[in-house]
$ cat data-v7.txt   # compact mmCIF, C-alpha atoms and all ligand atoms
# COMPACT_ATOMS: atom_id res chain seq x y z
CA MET U 1 -35.50 -3.80 -71.31
CA THR U 2 -35.02 -5.64 -74.59
CA PHE U 3 -32.11 -5.87 -77.01
CA ALA U 4 -34.29 -4.18 -79.61
CA GLU U 5 -34.57 -1.07 -77.43
CA ILE U 6 -30.80 -0.64 -77.34
CA ILE U 7 -29.41 1.47 -80.14
CA GLY U 8 -26.32 0.12 -81.91
CA GLN U 9 -24.00 -2.37 -80.15
CA ASP U 10 -24.88 -5.02 -82.75
CA GLU U 11 -21.73 -7.00 -82.06
CA ILE U 12 -22.60 -7.51 -78.40
CA LYS U 13 -26.26 -8.18 -79.13
CA ASN U 14 -25.37 -10.76 -81.76
CA HIS U 15 -22.96 -12.47 -79.42
CA LEU U 16 -25.45 -12.69 -76.56
CA GLN U 17 -28.38 -13.66 -78.73
CA SER U 18 -26.50 -16.44 -80.45
CA ALA U 19 -25.43 -17.67 -76.99
CA LEU U 20 -29.11 -17.67 -76.04
CA GLN U 21 -30.07 -19.49 -79.21
CA GLN U 22 -27.45 -22.19 -78.81
CA LYS U 23 -27.97 -22.34 -75.05
CA LYS U 24 -24.26 -21.79 -74.60
CA ILE U 25 -24.26 -19.26 -71.81
CA SER U 26 -20.94 -18.39 -70.20
CA HIS U 27 -20.83 -18.15 -66.45
CA ALA U 28 -19.10 -14.80 -66.37
CA TYR U 29 -19.22 -11.77 -68.62
CA ILE U 30 -17.46 -8.43 -68.39
CA ILE U 31 -19.45 -5.59 -69.91
CA ASN U 32 -16.87 -2.88 -70.45
CA GLY U 33 -17.75 0.71 -71.32
CA GLU U 34 -17.65 4.23 -69.98
CA ALA U 35 -20.22 5.74 -67.61
CA GLU U 36 -23.74 6.14 -69.08
CA SER U 37 -22.85 4.03 -72.11
CA GLY U 38 -25.64 1.54 -71.48
CA LYS U 39 -23.89 -1.28 -69.63
CA MET U 40 -26.81 -1.77 -67.24
CA MET U 41 -29.31 -1.75 -70.12
CA MET U 42 -27.33 -4.44 -71.89
CA ALA U 43 -27.04 -6.52 -68.70
CA GLU U 44 -30.76 -6.24 -68.05
CA ALA U 45 -31.72 -7.06 -71.64
CA PHE U 46 -29.58 -10.21 -71.41
CA ALA U 47 -30.92 -11.13 -67.97
CA ALA U 48 -34.50 -10.59 -69.16
CA ALA U 49 -34.03 -12.84 -72.19
CA LEU U 50 -32.22 -15.47 -70.16
CA LEU U 51 -35.00 -15.67 -67.58
CA CYS U 52 -38.02 -15.08 -69.83
CA GLU U 53 -40.55 -17.88 -69.76
CA GLN U 54 -40.69 -17.88 -73.57
CA HIS U 55 -37.00 -18.90 -73.77
CA GLY U 56 -36.37 -16.91 -76.94
CA ILE U 57 -33.44 -14.72 -77.89
CA GLU U 58 -35.40 -11.67 -76.78
CA SER U 59 -37.52 -11.20 -73.65
CA CYS U 60 -41.27 -11.15 -74.26
CA GLY U 61 -42.02 -8.31 -71.82
CA GLU U 62 -45.29 -10.02 -70.88
CA CYS U 63 -44.54 -13.01 -68.69
CA LYS U 64 -44.20 -12.99 -64.92
CA SER U 65 -40.41 -13.13 -65.09
CA CYS U 66 -40.24 -10.15 -67.45
CA HIS U 67 -42.51 -8.12 -65.15
CA GLN U 68 -40.45 -9.00 -62.11
CA LEU U 69 -37.30 -7.95 -63.91
CA LEU U 70 -38.76 -4.66 -65.10
CA THR U 71 -39.72 -3.74 -61.55
CA HIS U 72 -36.38 -4.94 -60.17
CA ASN U 73 -38.19 -7.58 -58.17
CA HIS U 74 -36.90 -10.73 -59.79
CA PRO U 75 -36.00 -13.30 -57.13
CA ASP U 76 -33.22 -14.74 -59.30
CA VAL U 77 -31.49 -11.47 -60.18
CA ARG U 78 -29.15 -9.88 -57.67
CA TYR U 79 -27.79 -6.37 -57.97
CA VAL U 80 -24.51 -5.65 -56.24
CA SER U 81 -22.56 -2.41 -56.54
CA ALA U 82 -18.80 -1.98 -56.03
CA PRO U 83 -18.69 -4.78 -53.47
CA LYS U 84 -16.07 -5.06 -50.74
CA VAL U 85 -14.67 -8.48 -49.91
CA MET U 86 -17.33 -9.23 -47.27
CA GLU U 87 -20.10 -8.29 -49.69
CA VAL U 88 -18.61 -10.52 -52.38
CA ARG U 89 -18.59 -13.40 -49.91
CA GLU U 90 -22.11 -12.83 -48.63
CA GLN U 91 -24.02 -11.45 -51.60
CA ILE U 92 -22.40 -13.42 -54.40
CA VAL U 93 -20.31 -16.41 -53.31
CA GLY U 94 -22.55 -17.43 -50.41
CA ASP U 95 -25.78 -16.54 -52.13
CA MET U 96 -25.01 -18.47 -55.29
CA VAL U 97 -25.00 -21.73 -53.35
CA VAL U 98 -28.76 -21.31 -52.97
CA LYS U 99 -30.55 -22.58 -56.09
CA PRO U 100 -32.63 -20.25 -58.24
CA TYR U 101 -36.12 -19.64 -56.98
CA SER U 102 -38.15 -19.75 -60.16
CA SER U 103 -35.81 -19.91 -63.15
CA GLU U 104 -33.08 -21.90 -64.79
CA TYR U 105 -30.50 -19.25 -63.95
CA LYS U 106 -29.46 -17.04 -61.11
CA ILE U 107 -27.90 -13.81 -62.31
CA TYR U 108 -25.59 -11.44 -60.45
CA ILE U 109 -25.26 -7.96 -61.92
CA VAL U 110 -22.20 -6.33 -60.36
CA ASP U 111 -22.14 -2.61 -61.13
CA HIS U 112 -18.87 -0.65 -60.71
CA ALA U 113 -17.04 -3.96 -60.53
CA GLU U 114 -13.76 -2.20 -61.32
CA GLU U 115 -13.88 -0.79 -57.80
CA MET U 116 -13.47 -4.19 -56.22
CA ASP U 117 -10.06 -4.31 -54.58
CA ALA U 118 -7.75 -7.29 -55.01
CA ALA U 119 -9.18 -9.04 -51.95
CA ALA U 120 -12.73 -8.70 -53.26
CA GLN U 121 -11.72 -9.91 -56.72
CA ASN U 122 -9.85 -12.87 -55.30
CA ALA U 123 -12.90 -13.78 -53.23
CA LEU U 124 -14.88 -13.90 -56.47
CA LEU U 125 -12.34 -15.90 -58.40
CA LYS U 126 -13.29 -19.40 -57.30
CA THR U 127 -16.97 -18.77 -57.97
CA ILE U 128 -16.13 -17.60 -61.49
CA GLU U 129 -13.94 -20.68 -62.02
CA GLU U 130 -16.39 -23.25 -60.71
CA PRO U 131 -19.87 -21.82 -60.56
CA PRO U 132 -22.98 -23.96 -60.23
CA ALA U 133 -24.62 -24.62 -63.60
CA TYR U 134 -27.24 -21.94 -63.02
CA GLY U 135 -24.85 -19.15 -61.95
CA VAL U 136 -24.23 -16.19 -64.27
CA ILE U 137 -22.15 -13.20 -63.20
CA LEU U 138 -22.19 -9.94 -65.17
CA LEU U 139 -19.39 -7.57 -64.21
CA LEU U 140 -20.10 -4.00 -65.33
CA VAL U 141 -16.89 -2.00 -65.52
CA ASN U 142 -15.80 1.36 -66.90
CA ASN U 143 -12.24 0.10 -67.26
CA ASP U 144 -11.63 -3.63 -67.52
CA GLN U 145 -7.91 -3.15 -66.97
CA ARG U 146 -8.68 -2.58 -63.32
CA LEU U 147 -9.79 -6.18 -62.99
CA LEU U 148 -7.14 -8.78 -62.19
CA GLN U 149 -5.84 -10.71 -65.17
CA THR U 150 -7.02 -13.91 -63.45
CA ILE U 151 -10.58 -12.58 -63.48
CA ARG U 152 -10.41 -11.24 -67.02
CA SER U 153 -9.06 -14.48 -68.45
CA ARG U 154 -12.07 -16.38 -67.09
CA CYS U 155 -14.74 -14.01 -68.41
CA VAL U 156 -16.13 -13.20 -71.83
CA THR U 157 -15.44 -9.50 -72.36
CA LEU U 158 -18.00 -7.42 -74.25
CA ASN U 159 -16.84 -3.93 -75.17
CA ILE U 160 -19.48 -1.20 -75.52
CA LYS U 161 -18.63 0.88 -78.58
CA PRO U 162 -19.31 4.58 -79.01
CA LEU U 163 -22.37 5.24 -81.17
CA ARG U 164 -22.20 7.18 -84.40
CA ASN U 165 -23.19 10.82 -83.93
CA GLU U 166 -26.04 10.38 -86.37
CA GLN U 167 -27.56 7.60 -84.23
CA ILE U 168 -27.48 9.81 -81.14
CA LYS U 169 -28.77 12.89 -82.89
CA THR U 170 -31.70 11.04 -84.40
CA ARG U 171 -32.68 9.58 -81.04
CA LEU U 172 -32.49 12.98 -79.32
CA MET U 173 -34.65 14.59 -81.98
CA GLN U 174 -37.20 11.77 -81.92
CA THR U 175 -37.46 11.21 -78.19
CA TYR U 176 -36.99 14.73 -76.90
CA GLN U 177 -38.32 16.69 -79.87
CA LEU U 178 -35.16 18.76 -79.86
CA PRO U 179 -34.56 21.07 -82.79
CA ASP U 180 -31.83 20.01 -85.18
CA TYR U 181 -29.31 22.57 -83.95
CA GLU U 182 -29.69 21.75 -80.27
CA ALA U 183 -29.46 18.00 -80.90
CA GLU U 184 -26.28 18.64 -82.85
CA VAL U 185 -24.65 20.48 -79.95
CA LEU U 186 -25.55 17.83 -77.38
CA THR U 187 -24.39 15.08 -79.71
CA ALA U 188 -21.02 16.75 -80.03
CA PHE U 189 -20.65 16.84 -76.26
CA ALA U 190 -21.84 13.28 -75.80
CA GLN U 191 -18.97 11.76 -77.82
CA GLY U 192 -20.74 8.61 -78.88
CA ASN U 193 -22.45 8.03 -75.54
CA LEU U 194 -26.25 8.12 -75.78
CA GLY U 195 -26.77 7.90 -72.02
CA ARG U 196 -24.66 10.97 -71.57
CA ALA U 197 -26.50 12.84 -74.33
CA VAL U 198 -29.82 12.11 -72.65
CA LYS U 199 -28.48 13.15 -69.29
CA LEU U 200 -27.22 16.42 -70.74
CA THR U 201 -30.52 17.07 -72.49
CA GLU U 202 -32.34 16.98 -69.16
CA SER U 203 -29.68 18.58 -67.06
CA GLU U 204 -29.60 22.02 -65.50
CA ALA U 205 -26.19 21.14 -64.12
CA PHE U 206 -24.97 20.90 -67.70
CA SER U 207 -25.72 24.48 -68.60
CA GLU U 208 -24.12 25.53 -65.33
CA ALA U 209 -21.02 23.48 -66.21
CA ARG U 210 -20.85 25.17 -69.62
CA LYS U 211 -20.68 28.54 -67.86
CA ASP U 212 -17.98 27.27 -65.51
CA VAL U 213 -15.88 26.10 -68.45
CA ILE U 214 -16.03 29.55 -70.01
CA ARG U 215 -15.26 31.12 -66.65
CA ILE U 216 -12.26 28.97 -65.77
CA SER U 217 -10.66 29.19 -69.20
CA SER U 218 -10.87 32.99 -69.07
CA LYS U 219 -9.60 33.13 -65.48
CA ILE U 220 -6.59 30.96 -66.29
CA LEU U 221 -5.39 33.61 -68.70
CA ASN U 222 -6.03 36.57 -66.42
CA THR U 223 -5.31 35.70 -62.83
CA ASN U 224 -2.70 34.41 -60.38
CA ASP U 225 -1.98 30.87 -59.16
CA ALA U 226 -3.77 31.33 -55.86
CA GLU U 227 -7.03 32.23 -57.56
CA VAL U 228 -6.73 29.30 -59.94
CA ILE U 229 -6.30 26.97 -56.97
CA THR U 230 -9.34 28.50 -55.27
CA LEU U 231 -11.39 27.88 -58.40
CA ALA U 232 -10.04 24.33 -58.68
CA LYS U 233 -11.19 23.67 -55.11
CA GLU U 234 -14.64 25.06 -55.84
CA TYR U 235 -15.01 22.86 -58.94
CA GLN U 236 -13.75 19.76 -57.15
CA SER U 237 -16.68 19.83 -54.77
CA LYS U 238 -19.07 20.77 -57.55
CA TYR U 239 -17.92 18.05 -59.95
CA PRO U 240 -17.46 14.74 -58.15
CA VAL U 241 -15.24 12.05 -59.62
CA ARG U 242 -18.14 9.66 -59.49
CA ILE U 243 -21.83 9.91 -58.74
CA LYS U 244 -23.08 7.72 -55.96
CA LYS U 245 -25.94 5.62 -57.26
CA THR U 246 -28.96 4.65 -55.21
CA ALA U 247 -27.76 2.16 -52.63
CA ASP U 248 -28.72 -1.48 -52.97
CA LYS U 249 -31.46 -2.72 -50.74
CA GLU U 250 -30.55 -5.17 -47.98
CA ASP U 251 -31.84 -8.19 -49.86
CA GLY U 252 -29.88 -7.26 -52.94
CA THR U 253 -32.87 -7.39 -55.24
CA LYS U 254 -33.43 -3.69 -55.79
CA GLY U 255 -31.45 -0.57 -56.35
CA ALA U 256 -28.57 0.06 -58.69
CA SER U 257 -30.91 1.94 -60.95
CA GLU U 258 -29.67 4.80 -63.08
CA GLY U 259 -31.79 7.28 -61.11
CA ASP U 260 -33.27 10.51 -62.33
CA ALA U 261 -30.64 11.84 -64.69
CA SER U 262 -31.92 15.40 -64.66
CA ASN U 263 -30.98 15.86 -61.01
CA GLU U 264 -27.55 14.33 -61.23
CA PRO U 265 -24.49 16.50 -60.98
CA ILE U 266 -21.99 16.65 -63.81
CA THR U 267 -18.98 14.46 -63.06
CA LEU U 268 -15.41 15.69 -63.14
CA GLU U 269 -14.82 13.60 -66.24
CA GLU U 270 -17.74 15.23 -68.01
CA PHE U 271 -16.52 18.62 -66.91
CA LEU U 272 -13.14 17.83 -68.43
CA ASP U 273 -14.87 16.67 -71.63
CA LEU U 274 -16.53 20.06 -71.81
CA LEU U 275 -13.19 21.73 -71.28
CA VAL U 276 -11.73 19.76 -74.20
CA VAL U 277 -14.63 20.81 -76.41
CA TRP U 278 -13.97 24.40 -75.39
CA TYR U 279 -10.29 24.31 -76.30
CA ARG U 280 -11.06 22.51 -79.57
CA ASP U 281 -13.40 25.39 -80.33
CA VAL U 282 -10.64 27.90 -79.59
CA LEU U 283 -8.24 25.93 -81.78
CA LEU U 284 -10.77 25.61 -84.58
CA TYR U 285 -11.58 29.29 -84.47
CA LYS U 286 -7.90 30.21 -84.45
CA ALA U 287 -7.35 28.11 -87.55
CA SER U 288 -10.45 29.11 -89.52
CA GLN U 289 -11.56 32.47 -88.06
CA LYS U 290 -15.07 31.19 -88.68
CA ALA U 291 -17.86 30.74 -86.17
CA ASN U 292 -20.03 28.25 -87.99
CA GLN U 293 -18.45 25.09 -86.58
CA ILE U 294 -18.05 26.36 -83.04
CA ILE U 295 -19.96 24.38 -80.43
CA PHE U 296 -19.82 27.07 -77.73
CA SER U 297 -21.42 29.46 -80.17
CA ASP U 298 -22.89 31.54 -77.34
CA ALA U 299 -19.39 32.46 -76.15
CA LEU U 300 -17.81 33.65 -79.35
CA ALA U 301 -16.29 36.77 -77.79
CA GLN U 302 -14.33 34.74 -75.22
CA ILE U 303 -13.28 32.23 -77.87
CA ARG U 304 -11.96 35.03 -80.04
CA THR U 305 -9.97 36.51 -77.14
CA GLN U 306 -8.44 33.20 -76.16
CA ALA U 307 -7.65 32.27 -79.76
CA ALA U 308 -5.65 35.47 -80.01
CA LYS U 309 -3.74 34.85 -76.78
CA LEU U 310 -2.88 31.16 -77.12
CA ASP U 311 -0.64 29.74 -79.84
CA TYR U 312 -1.28 26.44 -81.66
CA GLU U 313 1.33 24.56 -79.74
CA SER U 314 -0.13 25.58 -76.37
CA LEU U 315 -3.65 24.70 -77.43
CA GLU U 316 -2.66 21.26 -78.58
CA TRP U 317 -0.67 20.76 -75.42
CA ILE U 318 -3.66 21.81 -73.28
CA ILE U 319 -6.02 19.40 -75.04
CA LYS U 320 -3.54 16.55 -74.56
CA SER U 321 -3.08 17.45 -70.89
CA ILE U 322 -6.80 17.35 -70.25
CA ASP U 323 -7.01 13.91 -71.83
CA LYS U 324 -4.09 12.80 -69.69
CA THR U 325 -5.85 14.06 -66.55
CA LYS U 326 -8.93 12.06 -67.53
CA ARG U 327 -6.81 8.93 -67.76
CA GLN U 328 -5.25 9.67 -64.37
CA ILE U 329 -8.69 9.90 -62.83
CA HIS U 330 -9.51 6.51 -64.39
CA SER U 331 -6.41 5.00 -62.85
CA ASN U 332 -7.57 6.35 -59.53
CA VAL U 333 -5.44 9.43 -58.95
CA SER U 334 -7.52 11.68 -56.69
CA GLY U 335 -9.64 14.14 -58.64
CA GLU U 336 -8.42 16.95 -56.40
CA ILE U 337 -4.74 16.53 -57.18
CA ALA U 338 -5.47 15.98 -60.86
CA LEU U 339 -7.55 19.14 -61.32
CA ASP U 340 -5.16 21.35 -59.33
CA SER U 341 -2.14 20.36 -61.33
CA LEU U 342 -3.98 20.45 -64.66
CA LEU U 343 -5.25 24.00 -64.21
CA LEU U 344 -1.90 25.27 -62.93
CA SER U 345 -0.02 23.72 -65.82
CA ILE U 346 -2.46 25.22 -68.33
CA LYS U 347 -1.90 28.55 -66.67
CA GLU U 348 1.86 28.24 -67.04
CA LYS U 349 1.43 27.75 -70.75
ZN ZN Z 401 -40.96 -12.93 -70.78
$ encode --input "data-v7.txt" --output "structure tokens"
Amino acid sequence: MTFAEIIGQDEIKNHLQSALQQKKISHAYIINGEAESGKMMMAEAFAAALLCEQHGIESCGECKSCHQLLTHNHPDVRYVSAPKVMEVREQIVGDMVVKPYSSEYKIYIVDHAEEMDAAAQNALLKTIEEPPAYGVILLLVNNDQRLLQTIRSRCVTLNIKPLRNEQIKTRLMQTYQLPDYEAEVLTAFAQGNLGRAVKLTESEAFSEARKDVIRISSKILNTNDAEVITLAKEYQSKYPVRIKKTADKEDGTKGASEGDASNEPITLEEFLDLLVVWYRDVLLYKASQKANQIIFSDALAQIRTQAAKLDYESLEWIIKSIDKTKRQIHSNVSGEIALDSLLLSIKEK
């Protein structure tokens, strides 16, 4: 992985590359961005450049170090995912005492770092404050506010920005040979997140989730509370709050890969994103009575029906409520409770 392969994110790339150029590497970085937004790619591009035998601002892709990194076999790169306090002690704090094997640096890529509890974060604190000269910790988080202020204040925070729709659309058309129209639809769903767009492009689960969105929004208008709760239960098991990634290997050198996106289920958050797109469609149709800007263009009949039944105020309220539920899931309210109460409150409207 190289910086050049990453689309957009110029601010972060410039920051890291000028750090490489001036040899002013911080000991701890937070890479903050939503799921599938490319945090791991950025971390690996940085690690590759940092460890590359050419010592440039971009990895060469040819040297031994670059090959080891590409195959997740680099002896001086450790992958850790959502560590508990014991794992922080053993796999990071304890391990960092041992000098790098073949490089100037020893890099710890901590995926899902926001899931560290206070004990785990506190265990990490001293290492972040006083690391050995070769130690670099990269904390990958989908919400940096879940890290303790004491951790945040000692790290350089790099925020992944959403991409422009045009950047995503172009990449989808080039890489996946998608026709213009299809790329447009997926881009709209992806909301600035290329990783998500790619995942959706390859995903059967996505087309299934589209159908479920149409189904639930119609049911909400036509059925009783008990049936809505039954549906909510069904969707909770179908759409997990988070996808479990491949577990790290014992030695901490492998794993934490993004996996085969086409087989991954749609997450609850993505399902809610789809639901927002649906209600925006209904709202848009209600306002314009035109089908040309509708994203769910294959479900025009249902959109027309719902646009007739729901008033503007309710639609805006529903869209806001879905966004609120997404935030609740981020701040760790159980997905089950969140989805139940969301669907019931939409129904009451
Ligand atoms: Zn290299």
$ residues_near_ligand --input "data-v7.txt" --ligand "ligand ZN 401 (chain Z)" --cutoff "9 Å" --atoms "only C-alpha atoms and all ligand atoms" --output "number ranges by chain"
U: 48-49, 51-56, 58-67
$ axis_aligned_box --input "data-v7.txt" --around "stretch 96-101 of chain U" --padding-each-side "3 Å" --output "lines of an AutoDock Vina configuration file"
center_x = -30.6
center_y = -20.5
center_z = -55.6
size_x = 17.1
size_y = 10.1
size_z = 11.3
$ atom_distance --input "data-v7.txt" --atom1 "atom CA of U:Leu315" --atom2 "atom CA of U:Val282"
8.0 Å
$ closest_residue --input "data-v7.txt" --among "U:Ser288, U:Asn32, U:Asn73, U:Ser297" --to "U:Val156" --atoms "all atoms listed in the file"
U:Asn32
$ residues_around --input "data-v7.txt" --residues "U:Leu272" --least-positions-apart "6" --cutoff "9 Å" --atoms "only C-alpha atoms" --output "list in words"
Val213, Ile322, Asp323, Thr325 and Lys326 of chain U
$ closest_residue --input "data-v7.txt" --among "U:Asp281, U:Asp76, U:Glu204, U:Asp111" --to "U:Val98" --atoms "only C-alpha atoms"
U:Asp76
$ closest_residue --input "data-v7.txt" --among "U:Val141, U:Cys155, U:Ala4, U:Ile12" --to "U:Ala28" --atoms "only C-alpha atoms"
U:Cys155
$ residues_around --input "data-v7.txt" --residues "stretch 290-293 of chain U" --least-positions-apart "2" --cutoff "12 Å" --atoms "all atoms listed in the file" --output "list in words"
Tyr181, Glu184, Val185, Ala188, Val277, Arg280, Asp281, Val282, Leu283, Leu284, Tyr285, Lys286, Ala287, Ser288, Ile295, Phe296, Ser297, Asp298, Ala299, Leu300, Ala301, Ile303, Arg304 and Ala307 of chain U
$ atom_distance --input "data-v7.txt" --atom1 "atom CA of U:Ile6" --atom2 "atom CA of U:Gln21"
19.0 Å
$ closest_residue --input "data-v7.txt" --among "U:Gln9, U:Asn159, U:Ser26, U:Ser217" --to "U:Pro131" --atoms "only C-alpha atoms"
U:Ser26
$ residues_around --input "data-v7.txt" --residues "U:Tyr105" --least-positions-apart "6" --cutoff "8 Å" --atoms "all atoms listed in the file" --output "list in words"
Leu50, Leu51, Asp76, Ala133, Tyr134, Gly135 and Val136 of chain U
$ write_last_selection --input "data-v7.txt" --atoms "C-alpha atoms" --output "short mmCIF file (atom, residue, chain, number, x, y, z; two decimals), in the frame of the given file"
data_model
loop_
_atom_site.label_atom_id
_atom_site.label_comp_id
_atom_site.auth_asym_id
_atom_site.auth_seq_id
_atom_site.Cartn_x
_atom_site.Cartn_y
_atom_site.Cartn_z
CA LEU U 50 -32.22 -15.47 -70.16
CA LEU U 51 -35.00 -15.67 -67.58
CA ASP U 76 -33.22 -14.74 -59.30
CA ALA U 133 -24.62 -24.62 -63.60
CA TYR U 134 -27.24 -21.94 -63.02
CA GLY U 135 -24.85 -19.15 -61.95
CA VAL U 136 -24.23 -16.19 -64.27
#
$ closest_residue --input "data-v7.txt" --among "U:Glu208, U:Asp340, U:Glu44, U:Asp10" --to "U:His74" --atoms "all atoms listed in the file"
U:Glu44
$ atom_distance --input "data-v7.txt" --atom1 "atom CA of U:Leu147" --atom2 "atom CA of U:Gln328"
16.5 Å
$ closest_residue --input "data-v7.txt" --among "U:Met41, U:Lys347, U:Gln17, U:Ile151" --to "U:Ala118" --atoms "only C-alpha atoms"
U:Ile151
$ residues_around --input "data-v7.txt" --residues "U:Phe46" --least-positions-apart "6" --cutoff "10 Å" --atoms "only C-alpha atoms" --output "list in words"
Met1, Thr2, Phe3, Lys13, Leu16, Gln17, Leu20, Met40, Cys52, Ile57, Glu58, Ser59, Ile107 and Leu138 of chain U
$ write_last_selection --input "data-v7.txt" --atoms "C-alpha atoms" --output "JSON list (two decimals), in the coordinates of the input"
[["chain", "number", "residue", "atom", "x", "y", "z"],
["U", 1, "MET", "CA", -35.50, -3.80, -71.31],
["U", 2, "THR", "CA", -35.02, -5.64, -74.59],
["U", 3, "PHE", "CA", -32.11, -5.87, -77.01],
["U", 13, "LYS", "CA", -26.26, -8.18, -79.13],
["U", 16, "LEU", "CA", -25.45, -12.69, -76.56],
["U", 17, "GLN", "CA", -28.38, -13.66, -78.73],
["U", 20, "LEU", "CA", -29.11, -17.67, -76.04],
["U", 40, "MET", "CA", -26.81, -1.77, -67.24],
["U", 52, "CYS", "CA", -38.02, -15.08, -69.83],
["U", 57, "ILE", "CA", -33.44, -14.72, -77.89],
["U", 58, "GLU", "CA", -35.40, -11.67, -76.78],
["U", 59, "SER", "CA", -37.52, -11.20, -73.65],
["U", 107, "ILE", "CA", -27.90, -13.81, -62.31],
["U", 138, "LEU", "CA", -22.19, -9.94, -65.17]]
$ residues_near_point --input "data-v7.txt" --point "(-7.7, -6.9, -59.0)" --cutoff "12 Å" --atoms "only C-alpha atoms" --output "ChimeraX atom specification"
/U:84-85,113-125,143-152
$ decode --input "data-v7.txt" --residues "stretch 19-24 of chain U" --atoms "all heavy atoms" --output "PDB file, in the first residue's frame"
ATOM      1  N   ALA U  19       6.350  14.702   7.628  1.00  0.00           N
ATOM      2  CA  ALA U  19       6.979  14.120   8.824  1.00  0.00           C
ATOM      3  C   ALA U  19       8.091  13.153   8.414  1.00  0.00           C
ATOM      4  O   ALA U  19       9.174  13.145   9.003  1.00  0.00           O
ATOM      5  CB  ALA U  19       5.937  13.404   9.675  1.00  0.00           C
ATOM      6  N   LEU U  20       7.817  12.369   7.372  1.00  0.00           N
ATOM      7  CA  LEU U  20       8.821  11.420   6.882  1.00  0.00           C
ATOM      8  C   LEU U  20      10.048  12.157   6.347  1.00  0.00           C
ATOM      9  O   LEU U  20      11.189  11.783   6.602  1.00  0.00           O
ATOM     10  CB  LEU U  20       8.225  10.551   5.770  1.00  0.00           C
ATOM     11  CG  LEU U  20       7.266   9.427   6.206  1.00  0.00           C
ATOM     12  CD1 LEU U  20       6.397   8.981   5.038  1.00  0.00           C
ATOM     13  CD2 LEU U  20       8.042   8.243   6.780  1.00  0.00           C
ATOM     14  N   GLN U  21       9.775  13.226   5.598  1.00  0.00           N
ATOM     15  CA  GLN U  21      10.853  13.980   4.986  1.00  0.00           C
ATOM     16  C   GLN U  21      11.758  14.624   6.031  1.00  0.00           C
ATOM     17  O   GLN U  21      12.978  14.570   5.914  1.00  0.00           O
ATOM     18  CB  GLN U  21      10.250  15.069   4.084  1.00  0.00           C
ATOM     19  CG  GLN U  21      11.258  15.759   3.212  1.00  0.00           C
ATOM     20  CD  GLN U  21      10.582  16.268   1.940  1.00  0.00           C
ATOM     21  OE1 GLN U  21       9.440  16.717   1.988  1.00  0.00           O
ATOM     22  NE2 GLN U  21      11.255  16.184   0.818  1.00  0.00           N
ATOM     23  N   GLN U  22      11.104  15.197   7.049  1.00  0.00           N
ATOM     24  CA  GLN U  22      11.890  15.886   8.084  1.00  0.00           C
ATOM     25  C   GLN U  22      12.338  14.942   9.191  1.00  0.00           C
ATOM     26  O   GLN U  22      12.957  15.369  10.159  1.00  0.00           O
ATOM     27  CB  GLN U  22      11.049  17.014   8.696  1.00  0.00           C
ATOM     28  CG  GLN U  22      10.644  18.069   7.700  1.00  0.00           C
ATOM     29  CD  GLN U  22       9.528  18.953   8.244  1.00  0.00           C
ATOM     30  OE1 GLN U  22       9.392  19.117   9.457  1.00  0.00           O
ATOM     31  NE2 GLN U  22       8.719  19.513   7.366  1.00  0.00           N
ATOM     32  N   LYS U  23      11.987  13.683   9.055  1.00  0.00           N
ATOM     33  CA  LYS U  23      12.307  12.692  10.098  1.00  0.00           C
ATOM     34  C   LYS U  23      11.772  13.137  11.449  1.00  0.00           C
ATOM     35  O   LYS U  23      12.432  12.983  12.477  1.00  0.00           O
ATOM     36  CB  LYS U  23      13.826  12.462  10.179  1.00  0.00           C
ATOM     37  CG  LYS U  23      14.433  11.943   8.894  1.00  0.00           C
ATOM     38  CD  LYS U  23      15.139  10.621   9.148  1.00  0.00           C
ATOM     39  CE  LYS U  23      15.618   9.992   7.847  1.00  0.00           C
ATOM     40  NZ  LYS U  23      15.150   8.635   7.669  1.00  0.00           N
ATOM     41  N   LYS U  24      10.609  13.745  11.442  1.00  0.00           N
ATOM     42  CA  LYS U  24       9.983  14.131  12.706  1.00  0.00           C
ATOM     43  C   LYS U  24       8.727  13.296  12.884  1.00  0.00           C
ATOM     44  O   LYS U  24       7.615  13.755  12.627  1.00  0.00           O
ATOM     45  CB  LYS U  24       9.634  15.619  12.694  1.00  0.00           C
ATOM     46  CG  LYS U  24      10.838  16.504  12.899  1.00  0.00           C
ATOM     47  CD  LYS U  24      10.429  17.948  13.016  1.00  0.00           C
ATOM     48  CE  LYS U  24      11.639  18.832  13.225  1.00  0.00           C
ATOM     49  NZ  LYS U  24      11.321  20.249  13.006  1.00  0.00           N
TER      50      LYS U  24
END
